[in-house]
file my_file-v2.tsv (TSV, C-alpha atoms)
chain	number	residue	atom	x	y	z
A	1	MET	CA	81.97	7.37	12.27
A	2	LEU	CA	85.60	6.69	13.21
A	3	ASN	CA	84.82	5.46	16.72
A	4	GLU	CA	82.35	2.86	15.43
A	5	LEU	CA	84.83	1.73	12.80
A	6	LEU	CA	87.67	1.37	15.30
A	7	LEU	CA	85.46	-0.54	17.74
A	8	THR	CA	84.24	-2.91	15.03
A	9	PHE	CA	87.84	-3.55	13.97
A	10	ALA	CA	88.87	-4.17	17.59
A	11	GLN	CA	85.95	-6.51	18.18
A	12	TRP	CA	86.90	-8.44	15.06
A	13	LEU	CA	90.49	-8.80	16.30
A	14	ASP	CA	89.04	-9.97	19.60
A	15	THR	CA	87.47	-12.96	17.86
A	16	HIS	CA	90.89	-14.27	16.81
A	17	GLN	CA	92.02	-17.36	18.70
A	18	TRP	CA	95.61	-16.06	18.88
A	19	SER	CA	94.37	-12.88	20.51
A	20	THR	CA	92.67	-14.88	23.25
A	21	ASP	CA	95.63	-17.25	23.55
A	22	ILE	CA	98.07	-14.43	24.29
A	23	HIS	CA	95.69	-12.68	26.65
A	24	GLU	CA	94.93	-15.80	28.66
A	25	SER	CA	98.40	-17.32	28.56
A	26	ILE	CA	100.32	-17.98	31.74
A	27	TYR	CA	103.47	-16.20	30.63
A	28	MET	CA	103.20	-15.03	27.00
A	29	TYR	CA	101.52	-11.68	27.64
A	30	SER	CA	103.89	-10.90	30.53
A	31	TRP	CA	106.95	-11.75	28.45
A	32	ILE	CA	105.78	-9.64	25.51
A	33	GLU	CA	105.06	-6.77	27.87
A	34	ALA	CA	108.39	-7.12	29.69
A	35	THR	CA	110.22	-7.17	26.34
A	36	HIS	CA	108.32	-4.04	25.31
A	37	VAL	CA	109.33	-2.20	28.48
A	38	LEU	CA	112.93	-3.41	28.54
A	39	THR	CA	113.52	-2.62	24.87
A	40	LEU	CA	112.95	1.00	25.88
A	41	MET	CA	116.49	0.85	27.20
A	42	ILE	CA	117.71	0.13	23.67
A	43	PHE	CA	115.41	2.34	21.61
A	44	LEU	CA	114.97	5.31	23.91
A	45	GLY	CA	118.48	4.82	25.24
A	46	MET	CA	120.03	5.38	21.82
A	47	LEU	CA	117.60	8.21	21.07
A	48	CYS	CA	118.58	9.81	24.37
A	49	VAL	CA	122.26	9.84	23.42
A	50	ILE	CA	121.49	11.26	19.97
A	51	ASP	CA	119.19	13.98	21.35
A	52	LEU	CA	121.67	14.86	24.11
A	53	ARG	CA	124.32	15.33	21.42
A	54	MET	CA	121.92	17.59	19.54
A	55	LEU	CA	121.66	19.62	22.74
A	56	GLY	CA	125.42	19.73	23.05
A	57	ALA	CA	125.24	17.88	26.37
A	58	ILE	CA	127.24	14.78	25.42
A	59	PHE	CA	130.12	13.90	23.05
A	60	PRO	CA	130.83	17.56	22.24
A	61	ASN	CA	133.96	16.62	20.33
A	62	VAL	CA	132.33	14.05	18.07
A	63	PRO	CA	130.48	15.28	14.96
A	64	ALA	CA	126.73	15.24	15.61
A	65	SER	CA	126.05	13.48	12.33
A	66	LYS	CA	128.43	10.68	13.29
A	67	ILE	CA	126.59	10.05	16.56
A	68	ALA	CA	123.23	10.07	14.78
A	69	GLU	CA	124.48	7.82	12.01
A	70	ARG	CA	126.22	5.25	14.18
A	71	LEU	CA	123.53	4.90	16.80
A	72	ASP	CA	120.81	4.78	14.16
A	73	LYS	CA	120.97	1.03	13.53
A	74	PRO	CA	120.59	-0.18	17.15
A	75	MET	CA	117.91	2.46	17.60
A	76	ILE	CA	115.91	1.21	14.62
A	77	ILE	CA	116.34	-2.40	15.78
A	78	GLY	CA	114.96	-1.34	19.16
A	79	PHE	CA	112.11	0.54	17.51
A	80	VAL	CA	111.10	-2.45	15.38
A	81	VAL	CA	111.00	-4.65	18.50
A	82	MET	CA	108.86	-1.98	20.24
A	83	LEU	CA	106.47	-1.91	17.28
A	84	ILE	CA	106.12	-5.68	17.10
A	85	THR	CA	105.67	-6.18	20.84
A	86	GLY	CA	103.43	-3.13	20.99
A	87	PHE	CA	101.18	-4.47	18.26
A	88	LEU	CA	101.01	-7.87	19.97
A	89	LEU	CA	99.99	-6.22	23.23
A	90	PHE	CA	97.26	-4.32	21.41
A	91	TYR	CA	96.22	-7.47	19.55
A	92	ALA	CA	95.87	-9.44	22.79
A	93	ILE	CA	93.48	-6.92	24.34
A	94	PRO	CA	92.12	-4.99	21.34
A	95	VAL	CA	88.80	-3.62	22.60
A	96	ARG	CA	90.04	-2.10	25.85
A	97	SER	CA	93.13	-0.70	24.13
A	98	THR	CA	91.09	0.92	21.35
A	99	GLN	CA	88.80	2.50	23.93
A	100	SER	CA	91.64	3.67	26.13
A	101	ILE	CA	92.06	7.44	26.03
A	102	TRP	CA	95.71	6.99	26.98
A	103	PHE	CA	96.33	4.59	24.10
A	104	ARG	CA	94.76	7.06	21.68
A	105	ILE	CA	96.90	9.91	22.98
A	106	LYS	CA	99.93	7.62	22.77
A	107	VAL	CA	99.25	6.88	19.08
A	108	VAL	CA	98.87	10.60	18.36
A	109	LEU	CA	102.15	11.33	20.16
A	110	LEU	CA	103.84	8.50	18.26
A	111	ILE	CA	102.77	10.04	14.98
A	112	LEU	CA	103.93	13.51	16.10
A	113	ALA	CA	107.25	12.06	17.26
A	114	GLY	CA	107.62	10.34	13.89
A	115	ILE	CA	106.94	13.59	12.03
A	116	ASN	CA	109.40	15.42	14.28
A	117	ALA	CA	112.06	12.77	13.63
A	118	PHE	CA	111.48	12.96	9.88
A	119	MET	CA	111.69	16.77	9.83
A	120	PHE	CA	114.76	16.56	12.04
A	121	ARG	CA	116.54	14.18	9.73
A	122	ALA	CA	115.76	16.39	6.73
A	123	LYS	CA	117.07	19.45	8.59
A	124	MET	CA	120.19	17.56	9.55
A	125	GLN	CA	120.89	16.30	6.03
A	126	ALA	CA	120.48	19.80	4.64
A	127	SER	CA	122.63	21.73	7.05
A	128	SER	CA	125.03	19.30	8.72
A	129	GLY	CA	128.05	20.74	6.96
A	130	THR	CA	127.80	24.01	8.83
A	131	TRP	CA	127.30	23.00	12.47
A	132	ASP	CA	128.26	19.33	12.57
A	133	LEU	CA	131.49	19.90	14.46
A	134	ASP	CA	130.08	22.49	16.84
A	135	PRO	CA	129.90	21.25	20.42
A	136	ILE	CA	126.53	23.00	20.71
A	137	PRO	CA	124.34	22.86	17.59
A	138	PRO	CA	122.17	25.79	16.45
A	139	LYS	CA	118.90	26.67	18.18
A	140	ARG	CA	116.52	25.04	15.69
A	141	ILE	CA	118.33	21.73	16.06
A	142	ARG	CA	118.21	22.02	19.85
A	143	ILE	CA	114.49	22.72	19.71
A	144	GLY	CA	114.01	19.63	17.57
A	145	ALA	CA	115.93	17.59	20.14
A	146	ILE	CA	113.85	18.89	23.04
A	147	ALA	CA	110.65	18.26	21.08
A	148	SER	CA	111.85	14.73	20.45
A	149	LEU	CA	112.61	14.06	24.12
A	150	VAL	CA	109.29	15.57	25.27
A	151	LEU	CA	107.23	13.65	22.69
A	152	TRP	CA	108.87	10.32	23.45
A	153	ALA	CA	108.58	10.92	27.20
A	154	GLY	CA	104.90	11.48	26.50
A	155	VAL	CA	104.71	8.19	24.61
A	156	VAL	CA	106.25	6.35	27.57
A	157	ILE	CA	104.02	8.09	30.11
A	158	THR	CA	100.78	7.50	28.23
A	159	GLY	CA	101.88	3.94	27.56
A	160	ARG	CA	102.18	3.32	31.29
A	161	THR	CA	98.86	4.96	32.16
A	162	ILE	CA	96.94	2.67	29.75
A	163	ALA	CA	96.94	0.15	32.59
A	164	TYR	CA	95.07	2.46	34.94
A	165	ASP	CA	91.29	2.40	34.73
A	166	TRP	CA	90.68	6.03	35.70
A	167	PHE	CA	88.95	6.79	32.39
A	168	ASP	CA	87.71	3.36	31.32
A	169	CYS	CA	84.37	3.22	29.52
A	170	HIS	CA	82.60	1.49	32.40
A	171	LYS	CA	83.27	4.47	34.65
A	172	GLN	CA	81.01	7.52	35.04
A	173	LEU	CA	82.58	9.95	32.60
A	174	PRO	CA	81.55	13.26	31.03
A	175	GLU	CA	80.03	12.85	27.56
A	176	PHE	CA	83.08	14.42	25.93
A	177	MET	CA	85.29	11.70	27.41
A	178	TYR	CA	83.00	8.95	26.12
A	179	TRP	CA	83.42	10.45	22.66
A	180	ALA	CA	87.17	10.99	22.93
A	181	ALA	CA	87.78	7.45	24.16
A	182	GLY	CA	85.37	5.91	21.64
A	183	CYS	CA	82.94	4.48	24.21
A	184	VAL	CA	80.33	3.94	21.50
A	185	ASN	CA	77.80	1.96	23.53
A	186	GLU	CA	77.95	4.28	26.53
A	187	LEU	CA	77.47	7.30	24.24
A	188	ALA	CA	74.46	5.65	22.62
A	189	ALA	CA	72.98	4.89	26.06
A	190	LEU	CA	73.15	8.60	26.90
A	191	GLU	CA	70.86	9.46	24.01
A	192	PRO	CA	67.40	10.42	25.21
B	1	MET	CA	121.33	-8.44	58.82
B	2	ASP	CA	117.60	-8.33	59.36
B	3	LEU	CA	116.06	-5.57	57.29
B	4	TYR	CA	112.51	-6.14	58.54
B	5	PRO	CA	112.60	-3.18	60.97
B	6	PHE	CA	113.69	-0.88	58.13
B	7	PHE	CA	110.90	-2.00	55.82
B	8	ASP	CA	108.38	-1.83	58.62
B	9	TRP	CA	109.47	1.73	59.33
B	10	LEU	CA	109.41	2.61	55.61
B	11	ASP	CA	105.90	1.19	55.24
B	12	THR	CA	104.50	3.68	57.76
B	13	SER	CA	106.79	6.62	57.09
B	14	MET	CA	105.67	10.02	55.82
B	15	LEU	CA	107.06	9.09	52.40
B	16	ALA	CA	104.74	6.08	52.40
B	17	ASP	CA	101.81	8.30	53.38
B	18	ILE	CA	102.35	10.33	50.23
B	19	SER	CA	103.09	7.44	47.91
B	20	LYS	CA	100.15	5.37	49.11
B	21	ALA	CA	97.62	8.20	49.20
B	22	TYR	CA	97.56	9.19	45.56
B	23	GLY	CA	97.75	6.67	42.74
B	24	GLY	CA	98.52	9.58	40.44
B	25	VAL	CA	101.64	10.58	42.37
B	26	PHE	CA	102.89	7.00	42.33
B	27	ALA	CA	102.26	6.83	38.58
B	28	VAL	CA	104.16	10.06	37.88
B	29	VAL	CA	107.14	8.88	39.92
B	30	GLN	CA	107.07	5.57	38.09
B	31	MET	CA	107.31	7.48	34.79
B	32	PHE	CA	110.55	9.04	35.96
B	33	HIS	CA	111.72	5.57	36.91
B	34	LEU	CA	111.03	4.35	33.36
B	35	LEU	CA	112.61	7.37	31.68
B	36	GLY	CA	115.65	7.16	33.97
B	37	MET	CA	115.89	3.47	33.15
B	38	SER	CA	115.90	4.30	29.43
B	39	MET	CA	118.74	6.78	29.85
B	40	LEU	CA	120.67	4.32	32.00
B	41	GLY	CA	120.21	1.63	29.37
B	42	GLY	CA	121.40	3.96	26.64
B	43	MET	CA	124.55	4.99	28.48
B	44	VAL	CA	125.37	1.40	29.46
B	45	LEU	CA	124.77	0.08	25.95
B	46	VAL	CA	126.71	2.77	24.09
B	47	GLY	CA	129.66	2.30	26.46
B	48	ASP	CA	129.60	-1.49	26.47
B	49	LEU	CA	128.99	-1.88	22.74
B	50	ARG	CA	131.99	0.38	22.15
B	51	LEU	CA	134.11	-1.76	24.47
B	52	LEU	CA	132.97	-4.80	22.50
B	53	ASN	CA	134.00	-2.99	19.30
B	54	VAL	CA	130.50	-3.11	17.86
B	55	LEU	CA	129.50	0.56	17.88
B	56	LEU	CA	131.26	3.91	17.27
B	57	LYS	CA	134.44	2.09	16.38
B	58	ASP	CA	136.18	5.20	15.13
B	59	VAL	CA	135.72	7.11	18.36
B	60	PRO	CA	138.38	6.31	21.00
B	61	SER	CA	136.84	4.04	23.64
B	62	GLU	CA	138.25	6.26	26.40
B	63	GLN	CA	136.18	9.11	25.00
B	64	VAL	CA	133.00	7.04	24.76
B	65	ILE	CA	133.33	5.82	28.35
B	66	GLU	CA	134.08	9.30	29.63
B	67	ASN	CA	131.09	10.84	27.88
B	68	THR	CA	128.55	8.25	28.94
B	69	GLN	CA	129.69	8.22	32.56
B	70	LYS	CA	128.16	11.49	33.71
B	71	TRP	CA	124.70	10.77	32.30
B	72	PHE	CA	124.86	7.23	33.66
B	73	THR	CA	125.21	8.69	37.15
B	74	VAL	CA	122.37	11.13	36.52
B	75	ALA	CA	120.15	8.26	35.36
B	76	LEU	CA	121.16	6.11	38.32
B	77	ILE	CA	120.20	8.86	40.76
B	78	VAL	CA	116.82	9.23	39.04
B	79	VAL	CA	116.01	5.51	39.16
B	80	MET	CA	117.18	5.11	42.73
B	81	THR	CA	115.28	8.11	44.03
B	82	SER	CA	112.08	7.14	42.23
B	83	GLY	CA	112.66	3.53	43.28
B	84	ILE	CA	112.84	4.39	46.97
B	85	PHE	CA	109.66	6.42	46.68
B	86	MET	CA	107.80	3.59	44.95
B	87	SER	CA	109.14	1.04	47.44
B	88	SER	CA	107.69	3.01	50.32
B	89	ALA	CA	104.22	2.54	48.86
B	90	VAL	CA	104.45	-1.25	48.99
B	91	ALA	CA	107.29	-1.77	51.45
B	92	MET	CA	106.01	-4.86	53.28
B	93	LYS	CA	104.94	-6.58	50.08
B	94	LEU	CA	108.41	-6.00	48.65
B	95	TYR	CA	110.13	-7.31	51.78
B	96	TYR	CA	108.56	-10.71	51.15
B	97	ASN	CA	109.10	-10.66	47.37
B	98	GLN	CA	111.94	-12.79	46.01
B	99	MET	CA	112.30	-10.84	42.77
B	100	PHE	CA	112.70	-7.60	44.70
B	101	TRP	CA	115.68	-9.05	46.57
B	102	ALA	CA	117.13	-10.40	43.33
B	103	LYS	CA	116.89	-6.89	41.92
B	104	MET	CA	118.44	-5.25	44.99
B	105	THR	CA	121.29	-7.76	44.96
B	106	SER	CA	121.96	-7.12	41.27
B	107	LEU	CA	121.71	-3.38	41.84
B	108	ALA	CA	124.23	-3.53	44.70
B	109	LEU	CA	126.56	-5.63	42.55
B	110	GLY	CA	126.07	-3.23	39.66
B	111	VAL	CA	126.83	-0.10	41.64
B	112	THR	CA	129.89	-1.73	43.26
B	113	PHE	CA	131.07	-2.98	39.87
B	114	VAL	CA	130.70	0.37	38.11
B	115	TYR	CA	132.19	2.66	40.74
B	116	ALA	CA	134.75	0.44	42.47
B	117	ILE	CA	136.06	-1.64	39.58
B	118	ARG	CA	135.05	-0.69	36.05
B	119	ARG	CA	135.33	3.08	36.21
B	120	PRO	CA	138.72	3.16	38.00
B	121	LEU	CA	140.11	0.50	35.66
B	122	LEU	CA	138.87	2.21	32.50
B	123	LYS	CA	140.53	5.46	33.55
B	124	PHE	CA	143.81	3.90	32.42
B	125	ASN	CA	144.70	3.90	28.74
B	126	HIS	CA	142.58	1.14	27.22
B	127	ASP	CA	145.46	-0.03	25.02
B	128	THR	CA	147.32	-1.10	28.14
B	129	ILE	CA	144.46	-3.28	29.38
B	130	ASN	CA	144.10	-6.87	28.23
B	131	PRO	CA	141.47	-6.82	25.43
B	132	TRP	CA	139.69	-9.84	26.90
B	133	THR	CA	139.37	-8.09	30.23
B	134	ILE	CA	137.77	-5.17	28.44
B	135	LYS	CA	135.29	-7.45	26.71
B	136	LEU	CA	134.58	-9.17	30.02
B	137	LEU	CA	133.84	-5.80	31.62
B	138	ALA	CA	131.32	-5.05	28.89
B	139	VAL	CA	129.58	-8.42	29.09
B	140	THR	CA	129.38	-8.24	32.89
B	141	SER	CA	127.98	-4.74	32.73
B	142	ILE	CA	125.26	-5.66	30.23
B	143	SER	CA	124.38	-8.80	32.22
B	144	ILE	CA	124.04	-6.97	35.51
B	145	TRP	CA	121.93	-4.10	34.23
B	146	PHE	CA	119.73	-6.42	32.18
B	147	THR	CA	119.13	-8.48	35.32
B	148	VAL	CA	118.31	-5.37	37.35
B	149	ALA	CA	115.76	-4.26	34.75
B	150	ALA	CA	114.26	-7.68	34.06
B	151	SER	CA	113.94	-8.73	37.71
B	152	GLY	CA	112.52	-5.29	38.39
B	153	ARG	CA	109.76	-5.74	35.82
B	154	TRP	CA	109.11	-9.22	37.09
B	155	ILE	CA	108.40	-7.88	40.59
B	156	GLY	CA	105.14	-6.68	39.13
B	157	PHE	CA	104.26	-10.15	37.93
B	158	SER	CA	105.21	-12.07	41.04
C	1	MET	CA	151.89	-4.73	41.80
C	2	SER	CA	150.53	-1.63	40.19
C	3	LYS	CA	147.01	-0.40	40.84
C	4	GLN	CA	146.06	-1.25	37.27
C	5	VAL	CA	147.14	-4.88	37.59
C	6	ILE	CA	145.23	-5.28	40.85
C	7	LEU	CA	142.12	-3.71	39.35
C	8	GLU	CA	142.35	-5.97	36.31
C	9	ARG	CA	142.55	-9.09	38.44
C	10	VAL	CA	139.70	-7.98	40.69
C	11	ALA	CA	137.66	-7.14	37.58
C	12	ILE	CA	138.19	-10.61	36.12
C	13	ALA	CA	137.37	-12.40	39.38
C	14	PHE	CA	134.31	-10.24	40.04
C	15	SER	CA	133.05	-10.61	36.47
C	16	ILE	CA	133.36	-14.38	36.46
C	17	ALA	CA	131.61	-14.61	39.83
C	18	VAL	CA	128.79	-12.33	38.70
C	19	ILE	CA	128.30	-14.09	35.39
C	20	CYS	CA	128.16	-17.48	37.14
C	21	ALA	CA	125.64	-16.09	39.63
C	22	GLY	CA	123.64	-14.68	36.73
C	23	ILE	CA	123.59	-17.99	34.87
C	24	TRP	CA	122.47	-19.72	38.07
C	25	PHE	CA	119.75	-17.13	38.74
C	26	TRP	CA	118.28	-17.12	35.25
C	27	GLY	CA	118.63	-20.88	35.06
C	28	GLU	CA	116.44	-21.08	38.18
C	29	GLN	CA	113.86	-18.77	36.60
C	30	ILE	CA	113.74	-20.86	33.44
C	31	ARG	CA	113.41	-24.04	35.52
C	32	TYR	CA	110.54	-22.49	37.49
C	33	VAL	CA	108.75	-21.43	34.31
C	34	LEU	CA	109.12	-24.88	32.75
C	35	GLU	CA	107.83	-26.51	35.94
C	36	THR	CA	104.80	-24.24	36.04
C	37	LEU	CA	104.02	-24.87	32.39
C	38	ALA	CA	104.36	-28.63	32.92
C	39	LEU	CA	101.96	-28.46	35.85
C	40	ALA	CA	99.51	-26.52	33.71
C	41	GLU	CA	99.76	-29.19	31.01
C	42	ASP	CA	98.96	-31.94	33.50
C	43	TYR	CA	95.97	-29.97	34.77
call {"tool": "encode", "arguments": {"input": "my_file-v2.tsv", "output": "structure tokens"}}
result
Amino acid sequence: MLNELLLTFAQWLDTHQWSTDIHESIYMYSWIEATHVLTLMIFLGMLCVIDLRMLGAIFPNVPASKIAERLDKPMIIGFVVMLITGFLLFYAIPVRSTQSIWFRIKVVLLILAGINAFMFRAKMQASSGTWDLDPIPPKRIRIGAIASLVLWAGVVITGRTIAYDWFDCHKQLPEFMYWAAGCVNELAALEP
Amino acid sequence: MDLYPFFDWLDTSMLADISKAYGGVFAVVQMFHLLGMSMLGGMVLVGDLRLLNVLLKDVPSEQVIENTQKWFTVALIVVMTSGIFMSSAVAMKLYYNQMFWAKMTSLALGVTFVYAIRRPLLKFNHDTINPWTIKLLAVTSISIWFTVAASGRWIGFS
Amino acid sequence: MSKQVILERVAIAFSIAVICAGIWFWGEQIRYVLETLALAEDY
């Protein structure tokens, strides 16, 4: 089943020397983590400006497509850094991350945010001629912008809560939680 | 000026009672701190990169600065409010933490810089300001806010 | 002197001071990190 597969993959990553090196390093893990958090200011910062324009709350006199276009590059640069540092953080502590309910929710939200962004871009390409110069874009665009902000806020929030051990596998949790978080061994131990 | 009495008071205040009692409340407030920080970063970067002629070159820099200003202030209020709340939870630990004071110093410099120098200066037509001064304003701004953020994160590691 | 000229001069002075302070501060951090790593090596 998926949980077993994910755990086996994580345990395999855990055997890598580099994984241990980062995890046990004096500074490396902290620097990667700090870069991950600080790069939020670039990635989410740019996204914030773009989404606020889509809500008509900023730069009302600049075409929405221009804002999206121009801020795209720094945003993507920020996103790539987030992905790389994020992967390294996961790689350093693979088993706990895989079995973290917050990490799993974060990945789901990331995928949803990605889908939302993709749909958004398609919508924008298709219809930008009609509302591009409007200070306040049409409702469907505004909804897309709010969805974007909510999903990414969710990514940030769940990312932060990974560090808390409220729902870690070693805690007493309801069976459903063991399943949701992929606590394979604890689930097996519950079997009569 | 000895701030010990203030931190001592903060550590046992009602605010501290709330922030220390529930890890969940602290966590939620910290989320707002992170999200506010992201917005602050975005507003600072879009403004400064425009001043450095890197981004949005075909939008007048006066317009870029004017538009990012309001949301910068909103973001600043969010981070400062959430910051005070979080500080109350660990007030005495922060008082003795070097990184915390580095952050507060940078923050004070940043706020002074933005509201007493940069904003009033940039209200004038940018063509009439020495281009190197404009670039200097941008570099200073990025340096200060980077230092605030980085030293802030490092509090957690020190 | 106009307000703009005063502001410009204050901006330049303030910026240079802040950037120097920043270089000093981060220089100290880098020095501390290198020292710690060197100590770890010796250990």
call {"tool": "axis_aligned_box", "arguments": {"input": "my_file-v2.tsv", "around": "range 27-33 of chain C", "padding_each_side": "4 Å", "output": "lines of an AutoDock Vina configuration file"}}
result
center_x = 113.7
center_y = -21.4
center_z = 35.8
size_x = 17.9
size_y = 13.3
size_z = 12.7
call {"tool": "residues_around", "arguments": {"input": "my_file-v2.tsv", "residues": "range 10-13 of chain C", "least_positions_apart": "3", "cutoff": "9 Å", "atoms": "only C-alpha atoms", "output": "ChimeraX atom specification"}}
result
/B:113,117-118,121,133,136-137 /C:5-7,16-18
call {"tool": "interface_residues", "arguments": {"input": "my_file-v2.tsv", "of": "chain A", "to": "chain C", "cutoff": "12 Å", "atoms": "all atoms listed in the file", "output": "list of chain:residue names"}}
result
A:Ser25, A:Ile26, A:Tyr27, A:Met28, A:Trp31
call {"tool": "interface_residues", "arguments": {"input": "my_file-v2.tsv", "of": "chain B", "to": "chain A", "cutoff": "6 Å", "atoms": "only C-alpha atoms", "output": "PyMOL selection string"}}
result
chain B and resi 31+38-39+41-42+67
call {"tool": "interface_residues", "arguments": {"input": "my_file-v2.tsv", "of": "chain B", "to": "chain C", "cutoff": "12 Å", "atoms": "all atoms listed in the file", "output": "JSON, numbers by chain"}}
result
{"B": [98, 99, 101, 102, 103, 105, 106, 107, 108, 109, 110, 112, 113, 114, 115, 116, 117, 118, 119, 120, 121, 122, 123, 124, 125, 126, 128, 129, 130, 131, 132, 133, 134, 135, 136, 137, 138, 139, 140, 141, 142, 143, 144, 145, 146, 147, 148, 150, 151, 154, 158]}
call {"tool": "atom_distance", "arguments": {"input": "my_file-v2.tsv", "atom1": "CA of Val155 in chain A", "atom2": "CA of Leu34 in chain B"}}
result
11.5 Å
call {"tool": "residues_around", "arguments": {"input": "my_file-v2.tsv", "residues": "Ile136 in chain A", "least_positions_apart": "6", "cutoff": "9 Å", "atoms": "only C-alpha atoms", "output": "JSON, numbers by chain"}}
result
{"A": [53, 54, 55, 56, 57, 60, 142]}
call {"tool": "closest_residue", "arguments": {"input": "my_file-v2.tsv", "among": "B:Leu49, B:Gln63, B:Ala149, B:Ile77", "to": "Met104 in chain B", "atoms": "all atoms listed in the file"}}
result
B:Ala149
call {"tool": "atom_distance", "arguments": {"input": "my_file-v2.tsv", "atom1": "CA of Thr20 in chain A", "atom2": "CA of Ile93 in chain A"}}
result
8.1 Å
call {"tool": "atom_distance", "arguments": {"input": "my_file-v2.tsv", "atom1": "CA of Ala27 in chain B", "atom2": "CA of Gln99 in chain A"}}
result
20.4 Å
call {"tool": "residues_around", "arguments": {"input": "my_file-v2.tsv", "residues": "Tyr95 in chain B", "least_positions_apart": "2", "cutoff": "12 Å", "atoms": "only C-alpha atoms", "output": "count of residues only"}}
result
26
call {"tool": "residues_around", "arguments": {"input": "my_file-v2.tsv", "residues": "Ala180 in chain A", "least_positions_apart": "4", "cutoff": "10 Å", "atoms": "all atoms listed in the file", "output": "ChimeraX atom specification"}}
result
/A:3,99-101,104-105,175-176,184
call {"tool": "build_atoms", "arguments": {"input": "my_file-v2.tsv", "residues": "range 135-147 of chain A", "atoms": "N, CA and C atoms", "output": "PDB file, keeping the file's coordinate frame"}}
result
ATOM      1  N   PRO A 135     130.314  21.961  19.206  1.00  0.00           N
ATOM      2  CA  PRO A 135     129.900  21.250  20.420  1.00  0.00           C
ATOM      3  C   PRO A 135     128.426  21.479  20.728  1.00  0.00           C
ATOM      4  N   ILE A 136     127.952  22.719  20.485  1.00  0.00           N
ATOM      5  CA  ILE A 136     126.530  23.000  20.710  1.00  0.00           C
ATOM      6  C   ILE A 136     125.886  23.400  19.382  1.00  0.00           C
ATOM      7  N   PRO A 137     124.996  22.568  18.871  1.00  0.00           N
ATOM      8  CA  PRO A 137     124.340  22.860  17.590  1.00  0.00           C
ATOM      9  C   PRO A 137     123.435  24.090  17.662  1.00  0.00           C
ATOM     10  N   PRO A 138     123.014  24.594  16.481  1.00  0.00           N
ATOM     11  CA  PRO A 138     122.170  25.790  16.450  1.00  0.00           C
ATOM     12  C   PRO A 138     120.805  25.575  17.106  1.00  0.00           C
ATOM     13  N   LYS A 139     120.119  26.693  17.382  1.00  0.00           N
ATOM     14  CA  LYS A 139     118.900  26.670  18.180  1.00  0.00           C
ATOM     15  C   LYS A 139     117.829  25.751  17.592  1.00  0.00           C
ATOM     16  N   ARG A 140     117.617  25.809  16.263  1.00  0.00           N
ATOM     17  CA  ARG A 140     116.520  25.040  15.690  1.00  0.00           C
ATOM     18  C   ARG A 140     116.744  23.536  15.861  1.00  0.00           C
ATOM     19  N   ILE A 141     118.023  23.142  15.831  1.00  0.00           N
ATOM     20  CA  ILE A 141     118.330  21.730  16.060  1.00  0.00           C
ATOM     21  C   ILE A 141     118.051  21.369  17.514  1.00  0.00           C
ATOM     22  N   ARG A 142     118.428  22.269  18.427  1.00  0.00           N
ATOM     23  CA  ARG A 142     118.210  22.020  19.850  1.00  0.00           C
ATOM     24  C   ARG A 142     116.721  21.914  20.153  1.00  0.00           C
ATOM     25  N   ILE A 143     115.932  22.773  19.507  1.00  0.00           N
ATOM     26  CA  ILE A 143     114.490  22.720  19.710  1.00  0.00           C
ATOM     27  C   ILE A 143     113.941  21.390  19.234  1.00  0.00           C
ATOM     28  N   GLY A 144     114.418  20.936  18.081  1.00  0.00           N
ATOM     29  CA  GLY A 144     114.010  19.630  17.570  1.00  0.00           C
ATOM     30  C   GLY A 144     114.344  18.519  18.549  1.00  0.00           C
ATOM     31  N   ALA A 145     115.509  18.607  19.176  1.00  0.00           N
ATOM     32  CA  ALA A 145     115.930  17.590  20.140  1.00  0.00           C
ATOM     33  C   ALA A 145     115.041  17.598  21.374  1.00  0.00           C
ATOM     34  N   ILE A 146     114.725  18.784  21.874  1.00  0.00           N
ATOM     35  CA  ILE A 146     113.850  18.890  23.040  1.00  0.00           C
ATOM     36  C   ILE A 146     112.453  18.370  22.699  1.00  0.00           C
ATOM     37  N   ALA A 147     111.963  18.754  21.511  1.00  0.00           N
ATOM     38  CA  ALA A 147     110.650  18.260  21.080  1.00  0.00           C
ATOM     39  C   ALA A 147     110.659  16.737  21.052  1.00  0.00           C
TER      40      ALA A 147
END
